[in-house]
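Enquirer: Structure: input-v8.cif, mmCIF, C-alpha atoms.
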data_model
#
loop_
_atom_site.label_atom_id
_atom_site.label_comp_id
_atom_site.auth_asym_id
_atom_site.auth_seq_id
_atom_site.Cartn_x
_atom_site.Cartn_y
_atom_site.Cartn_z
CA MET N 2 69.83 104.17 98.18
CA VAL N 3 70.49 105.22 94.67
CA SER N 4 72.49 103.68 91.95
CA LEU N 5 74.37 105.75 89.43
CA ILE N 6 75.09 102.68 87.35
CA GLY N 7 72.13 100.49 86.39
CA GLY N 8 71.73 97.61 88.78
CA GLY N 9 70.30 95.32 86.08
CA GLY N 10 66.71 94.80 85.04
CA ALA N 11 64.24 97.36 83.73
CA THR N 12 64.06 100.76 85.37
CA THR N 13 60.84 102.72 85.16
CA PRO N 14 60.99 106.45 84.35
CA GLU N 15 59.38 107.20 87.75
CA LYS N 16 62.21 105.40 89.50
CA VAL N 17 64.84 107.40 87.61
CA VAL N 18 63.21 110.66 88.67
CA GLU N 19 63.13 109.48 92.26
CA ASN N 20 66.80 108.50 92.18
CA GLU N 21 67.89 111.79 90.70
CA THR N 22 65.96 113.59 93.41
CA ASP N 23 67.67 111.51 96.08
CA LEU N 24 71.09 112.55 94.81
CA SER N 25 70.25 116.14 94.02
CA GLY N 26 70.64 119.02 96.40
CA VAL N 27 73.47 119.89 98.72
CA TRP N 28 75.66 117.35 100.50
CA ASN N 29 78.00 117.60 103.47
CA VAL N 30 81.32 115.81 103.61
CA VAL N 31 81.79 114.92 107.28
CA VAL N 32 85.03 113.72 108.87
CA LEU N 33 84.67 111.62 112.03
CA ASN N 34 87.16 111.37 114.86
CA ASP N 35 89.46 108.39 115.10
CA PRO N 36 91.91 107.51 117.84
CA VAL N 37 94.95 107.06 115.61
CA ASN N 38 95.53 109.99 113.28
CA LEU N 39 97.75 112.79 114.52
CA MET N 40 96.44 116.35 114.70
CA SER N 41 99.22 117.56 112.40
CA TYR N 42 98.38 114.81 109.90
CA VAL N 43 94.65 115.62 109.85
CA THR N 44 95.42 119.34 109.42
CA MET N 45 97.79 118.56 106.55
CA VAL N 46 95.22 116.32 104.83
CA PHE N 47 92.54 119.05 105.02
CA LYS N 48 94.97 121.48 103.41
CA ARG N 49 96.04 119.03 100.71
CA VAL N 50 92.67 117.53 99.81
CA LEU N 51 90.29 120.41 100.42
CA GLY N 52 92.65 123.32 99.76
CA MET N 53 92.04 124.85 103.19
CA GLU N 54 94.25 127.53 104.71
CA GLN N 55 96.23 126.53 107.81
CA SER N 56 93.88 128.28 110.26
CA GLN N 57 90.75 126.83 108.64
CA ALA N 58 92.28 123.35 108.55
CA GLU N 59 93.21 123.60 112.24
CA LYS N 60 89.70 124.76 113.16
CA HIS N 61 88.15 121.73 111.45
CA MET N 62 90.78 119.39 112.91
CA LEU N 63 89.94 120.65 116.41
CA GLU N 64 86.23 120.20 115.73
CA VAL N 65 86.88 116.59 114.76
CA HIS N 66 89.04 116.07 117.84
CA GLU N 67 86.76 117.78 120.37
CA LEU N 68 83.27 117.26 118.94
CA GLY N 69 83.88 113.96 117.17
CA ARG N 70 82.96 115.29 113.71
CA SER N 71 83.29 118.23 111.40
CA VAL N 72 81.55 119.22 108.17
CA VAL N 73 84.58 119.94 106.00
CA TRP N 74 82.89 120.64 102.67
CA THR N 75 79.39 121.30 101.37
CA GLY N 76 78.18 121.18 97.78
CA ASP N 77 76.97 118.95 94.98
CA ARG N 78 76.95 115.19 95.29
CA GLU N 79 79.53 114.37 92.62
CA LYS N 80 82.22 116.60 94.07
CA ALA N 81 81.30 115.52 97.61
CA GLU N 82 81.92 111.89 96.62
CA ALA N 83 85.28 112.83 95.09
CA TYR N 84 86.34 114.54 98.33
CA GLN N 85 85.03 111.65 100.43
CA TYR N 86 87.10 109.21 98.38
CA GLN N 87 90.28 111.27 98.71
CA LEU N 88 89.83 111.64 102.47
CA GLN N 89 89.26 107.88 102.80
CA GLU N 90 92.37 107.32 100.70
CA TRP N 91 94.27 109.23 103.41
CA HIS N 92 92.70 106.82 105.95
CA LEU N 93 90.43 109.43 107.53
CA THR N 94 86.89 108.33 108.35
CA ALA N 95 84.69 110.33 105.99
CA ILE N 96 80.96 110.09 105.30
CA LEU N 97 78.38 111.99 103.25
CA GLU N 98 75.23 113.49 104.67
CA LYS N 99 72.46 115.31 102.87
CA ASN N 100 72.40 118.96 103.92
CA GLU N 101 68.77 119.24 104.95
CA SER N 102 69.00 122.92 105.84
CA SER N 103 69.61 123.82 102.21
CA ALA N 104 66.44 122.06 100.97
CA MET F 12 115.14 118.49 90.82
CA SER F 13 113.36 116.18 93.22
CA ARG F 14 114.01 116.70 96.91
CA GLN F 15 114.87 113.83 99.19
CA LEU F 16 114.20 113.55 102.90
CA GLU F 17 116.65 111.56 104.98
CA PHE F 18 116.15 110.12 108.45
CA ARG F 19 118.54 108.22 110.66
CA PHE F 20 117.63 105.80 113.42
CA ASP F 21 119.69 103.54 115.65
CA PRO F 22 119.53 100.25 113.69
CA GLU F 23 119.84 98.10 116.82
CA SER F 24 116.89 99.84 118.49
CA VAL F 25 114.56 99.74 115.52
CA ARG F 26 115.36 96.21 114.29
CA PRO F 27 112.82 94.42 116.57
CA LEU F 28 110.22 97.07 115.74
CA VAL F 29 110.64 96.63 112.01
CA LEU F 30 110.47 92.84 112.36
CA HIS F 31 107.25 93.22 114.35
CA PHE F 32 105.62 95.48 111.81
CA ARG F 33 106.65 93.22 108.92
CA SER F 34 104.99 90.23 110.56
CA LEU F 35 101.81 92.26 111.05
CA VAL F 36 101.71 93.66 107.56
CA ASN F 37 102.29 90.26 105.99
CA ALA F 38 99.36 88.84 107.94
CA ILE F 39 96.72 91.44 107.08
CA ASN F 40 93.70 90.38 105.11
CA ASP F 41 92.59 92.20 102.03
CA ASP F 42 90.23 94.46 103.94
CA LEU F 43 90.09 98.19 104.36
CA ILE F 44 92.01 99.16 107.47
CA ALA F 45 90.11 102.35 108.27
CA GLU F 46 86.42 102.14 109.20
CA ASN F 47 85.13 103.50 105.92
CA GLU F 48 82.11 102.79 103.76
CA PRO F 49 81.34 103.64 100.14
CA PRO F 50 78.74 106.41 99.71
CA THR F 51 76.24 104.14 97.98
CA SER F 52 74.58 100.80 98.59
CA ASP F 53 74.82 99.99 94.88
CA GLU F 54 76.78 96.74 94.79
CA LEU F 55 78.82 97.43 91.67
CA MET F 56 79.76 100.97 92.62
CA SER F 57 80.65 99.91 96.15
CA GLU F 58 82.88 97.17 94.81
CA VAL F 59 84.74 99.59 92.54
CA TRP F 60 85.08 102.11 95.39
CA ILE F 61 86.51 99.54 97.80
CA ASP F 62 88.78 97.95 95.19
CA ASP F 63 90.28 101.35 94.40
CA LEU F 64 90.83 102.10 98.10
CA LEU F 65 92.39 98.67 98.62
CA GLU F 66 94.78 99.24 95.73
CA SER F 67 95.76 102.58 97.21
CA GLN F 68 96.19 100.98 100.65
CA ARG F 69 98.47 98.28 99.21
CA LYS F 70 100.70 100.96 97.67
CA ASP F 71 100.85 102.84 100.99
CA ILE F 72 101.95 99.76 102.90
CA ALA F 73 104.41 98.78 100.16
CA ALA F 74 106.04 102.21 100.52
CA ILE F 75 106.65 101.57 104.23
CA ASN F 76 107.99 98.09 103.53
CA GLU F 77 110.36 99.57 100.99
CA LEU F 78 111.45 102.33 103.36
CA PHE F 79 112.38 99.87 106.11
CA ASP F 80 114.18 97.42 103.84
CA GLU F 81 117.31 95.33 104.51
CA LYS F 82 119.59 98.29 103.80
CA PHE F 83 117.76 100.27 106.47
CA MET F 84 118.13 97.36 108.90
CA ASP F 85 121.90 97.52 108.41
CA THR F 86 122.43 101.28 108.43
CA GLY F 87 119.40 102.84 110.15
CA ARG F 88 119.31 105.32 107.27
CA ALA F 89 116.01 105.90 105.49
CA THR F 90 115.51 108.18 102.50
CA ILE F 91 112.23 109.27 100.98
CA ASP F 92 111.94 110.80 97.52
CA GLU F 93 109.65 113.79 97.42
CA GLN F 94 107.24 112.02 95.06
CA ASP F 95 106.85 109.14 97.54
CA VAL F 96 106.14 111.30 100.57
CA ASP F 97 102.33 110.96 100.36
CA LEU F 98 102.59 107.18 100.15
CA VAL F 99 104.87 107.05 103.19
CA LEU F 100 102.64 109.39 105.22
CA ARG F 101 99.57 107.31 104.40
CA GLY F 102 101.51 104.08 104.96
CA CYS F 103 102.45 105.21 108.47
CA THR F 104 98.77 105.77 109.26
CA ALA F 105 97.80 102.44 107.72
CA VAL F 106 100.29 100.52 109.87
CA ARG F 107 99.30 102.49 113.00
CA LEU F 108 95.65 101.59 112.31
CA ILE F 109 96.61 97.92 111.93
CA LEU F 110 98.47 98.05 115.25
CA ARG F 111 95.54 99.77 116.97
CA GLY F 112 93.28 96.92 115.90
CA SER F 113 95.70 94.11 116.74
CA THR F 114 98.72 94.28 119.05
CA LEU F 115 97.48 97.42 120.84
CA SER F 116 93.77 96.62 120.88
CA ARG F 117 93.51 96.21 124.66
CA PHE F 118 94.73 99.74 125.43
CA GLU F 119 92.52 102.77 125.96
CA ASP F 120 92.58 105.46 123.28
CA ASP F 121 93.63 108.03 125.89
CA SER F 122 96.61 105.99 127.04
CA LEU F 123 97.93 105.68 123.51
CA GLU F 124 97.18 109.27 122.61
CA ARG F 125 98.94 110.63 125.71
CA GLY F 126 101.79 108.14 125.53
CA GLU F 127 100.83 106.80 128.95
CA VAL F 128 101.38 103.11 128.23
CA GLU F 129 103.64 101.76 130.96
CA VAL F 130 106.27 99.84 129.07
CA GLY F 131 107.28 97.82 132.13
CA LYS F 132 103.76 96.39 132.47
CA ILE F 133 103.22 95.14 128.94
CA THR F 134 104.30 92.04 127.02
CA ALA F 135 107.33 92.02 124.70
CA GLU F 136 105.00 91.87 121.68
CA GLU F 137 102.99 94.85 122.92
CA GLU F 138 106.22 96.72 123.63
CA ASN F 139 107.37 96.20 120.04
CA GLY F 140 103.94 97.15 118.69
CA TYR F 141 103.89 100.29 120.80
CA GLY F 142 107.42 101.09 119.65
CA VAL F 143 106.35 100.88 115.99
CA TYR F 144 103.25 102.97 116.78
CA ILE F 145 105.40 105.74 118.27
CA LEU F 146 108.16 105.43 115.64
CA LEU F 147 105.71 105.90 112.76
CA ALA F 148 103.99 108.82 114.48
CA SER F 149 107.39 110.48 114.95
CA LEU F 150 108.25 109.84 111.32
CA GLN F 151 104.96 111.45 110.23
CA GLU F 152 105.61 114.48 112.45
CA LEU F 153 109.13 114.84 111.04
CA ILE F 154 107.97 114.61 107.43
CA ILE F 155 105.12 117.06 107.96
CA SER F 156 107.43 119.54 109.68
CA GLN F 157 109.86 119.28 106.76
CA LEU F 158 107.16 119.74 104.15
CA ASP F 159 105.23 122.44 105.93
CA PRO F 160 107.57 124.19 108.35
#
In structure tokens, what does this structure look like?
Expert:
Amino acid sequence: MVSLIGGGGATTPEKVVENETDLSGVWNVVVLNDPVNLMSYVTMVFKRVLGMEQSQAEKHMLEVHELGRSVVWTGDREKAEAYQYQLQEWHLTAILEKNESSA
Amino acid sequence: MSRQLEFRFDPESVRPLVLHFRSLVNAINDDLIAENEPPTSDELMSEVWIDDLLESQRKDIAAINELFDEKFMDTGRATIDEQDVDLVLRGCTAVRLILRGSTLSRFEDDSLERGEVEVGKITAEEENGYGVYILLASLQELIISQLDP
């Protein structure tokens, strides 16, 4: 995995290029199902954090509930991490995945 | 002007539930309650990420502790300032997650989700834990319906 902050020791230019490549491209923010959070709560969090409309938030909430996961946002790594953090702050289980289809 | 939400509960009914949740919350370790990981394996960044989430989690739980304080135990009346609503909503989830992993860990997800736990067949501790679990879910539903009717 890649470090945004130097992990100590010398870093070769080749390594930096490799790390930037790892983080570049398009990333998916994925929310996973959990047995505790209420449907109304998850819908509200999607609206609050991701700015979704009610119908869109409900669609993603149902995907999480029925399929176990939903891609709730796609875009650059930095913003994806910010969304992941906020979703985790609301105690939802959120992960990042590289969007391979956009490569 | 800031809005305030007010809820009333029967103090006698909720007293054992509040006592149960207080004992749980006081016993939790300084770990993340939800099953979440930082997005990087970098040690320093991960540490910062988790520390920030832990700080946020502490505030969420503190908001619930404050809501169900001694005054609430006497009157059954709970008020939430509009600016504290997010903390309370998150705090409810945090305590429900703690319960799911402790007092209610032996139950199936479906039973809890459908409210099919047979109260007569569980221990007093589980009954209190289940009561808190339901109480906090109801509180979340009430708050969300007030905020987003």
Enquirer: Evaluate the PyMOL selection byres ((chain N and resi 73) around 9) on the structure here and hand back the selected residues as a PyMOL selection string.
Expert: chain N and resi 29-32+47+51+58+61+71-72+74-75
Enquirer: Using only C-alpha atoms, find the one residue out of F:Thr86, F:Thr134, F:Asn37, F:Gln68 that sits nearest to Val99 of chain F.
Expert: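 For Val99 of chain F, the nearest of the candidates is F:Gln68.
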Enquirer: List the residues matched by the PyMOL selection byres ((chain F) within 8 of (chain N)) in the displayed structure as a VMD selection string, ordered by chain and then by residue number.
Expert: chain F and resid 44 to 48 50 to 56 60 64 67 to 68 101 104 to 105 107 to 108 111 120 124 148 151 to 152 155
Enquirer: At what distance in Å, to one decimal, does atom CA of Leu147 of chain F lie from atom CA of Cys103 of chain F?
Expert: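 Here the two named atoms are 5.4 Å from each other.
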Enquirer: Have a look at atom CA of Glu17 of chain F and atom CA of Gly102 of chain F and let me know their distance in Å, one decimal.
Expert: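 Distance reported for this atom pair: 16.9 Å.
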Enquirer: Which residues match the PyMOL selection byres ((chain F and resi 128-130) around 12) in the file above, as a PyMOL selection string?
Expert: chain F and resi 115+117-127+131-142+144-145
Enquirer: Once you add 4 Å to each side, what are the centre and edge lengths of the axis-aligned box holding all listed atoms of segment 52-71 of chain N? One decimal in Å, as lines of an AutoDock Vina configuration file, if you can.
Expert:
center_x = 89.6
center_y = 121.1
center_z = 110.1
size_x = 21.3
size_y = 22.3
size_z = 28.6
Enquirer: One decimal, Å: what's the distance from atom CA of Ile109 of chain F over to atom CA of Leu146 of chain F, could you say?
Expert: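 That distance, rounded to one decimal, is 14.3 Å.
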Enquirer: Excluding Ala38 of chain F and any residue of its chain fewer than 6 positions from it, enumerate the residues within 12 Å of it, using only C-alpha atoms, and give them as an MDAnalysis selection string.
Expert: chainID F and resid 31:32 106 109:110 113
Enquirer: Tell me which protein, DNA and RNA residues are within 12 Å of Met84 of chain F, counting all atoms listed in the file, leaving out same-chain ones fewer than 6 positions away, and put them as a list in words.
Expert: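 Surrounding residues, per the criterion: Arg19, Phe20, Asp21, Pro22, Glu23, Ser24, Val25, Arg26, Pro27, Leu28, Val29, Leu30, Asn76, Glu77 and Leu78 of chain F.
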Enquirer: Between N:Asn34, N:Val50, N:Lys99, N:Thr44, which residue has the minimum interatomic distance to Asp77 of chain N, considering all atoms listed in the file?
Expert: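 Looking at the shortest contact to Asp77 of chain N, the residue is N:Lys99.
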Enquirer: Which residue out of N:Ser102, N:Gly76, N:Glu54, N:His66 has the minimum interatomic distance to Val27 of chain N when all atoms listed in the file are used?
Expert: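 Looking only at the distances to Val27 of chain N, the closest residue turns out to be N:Gly76.
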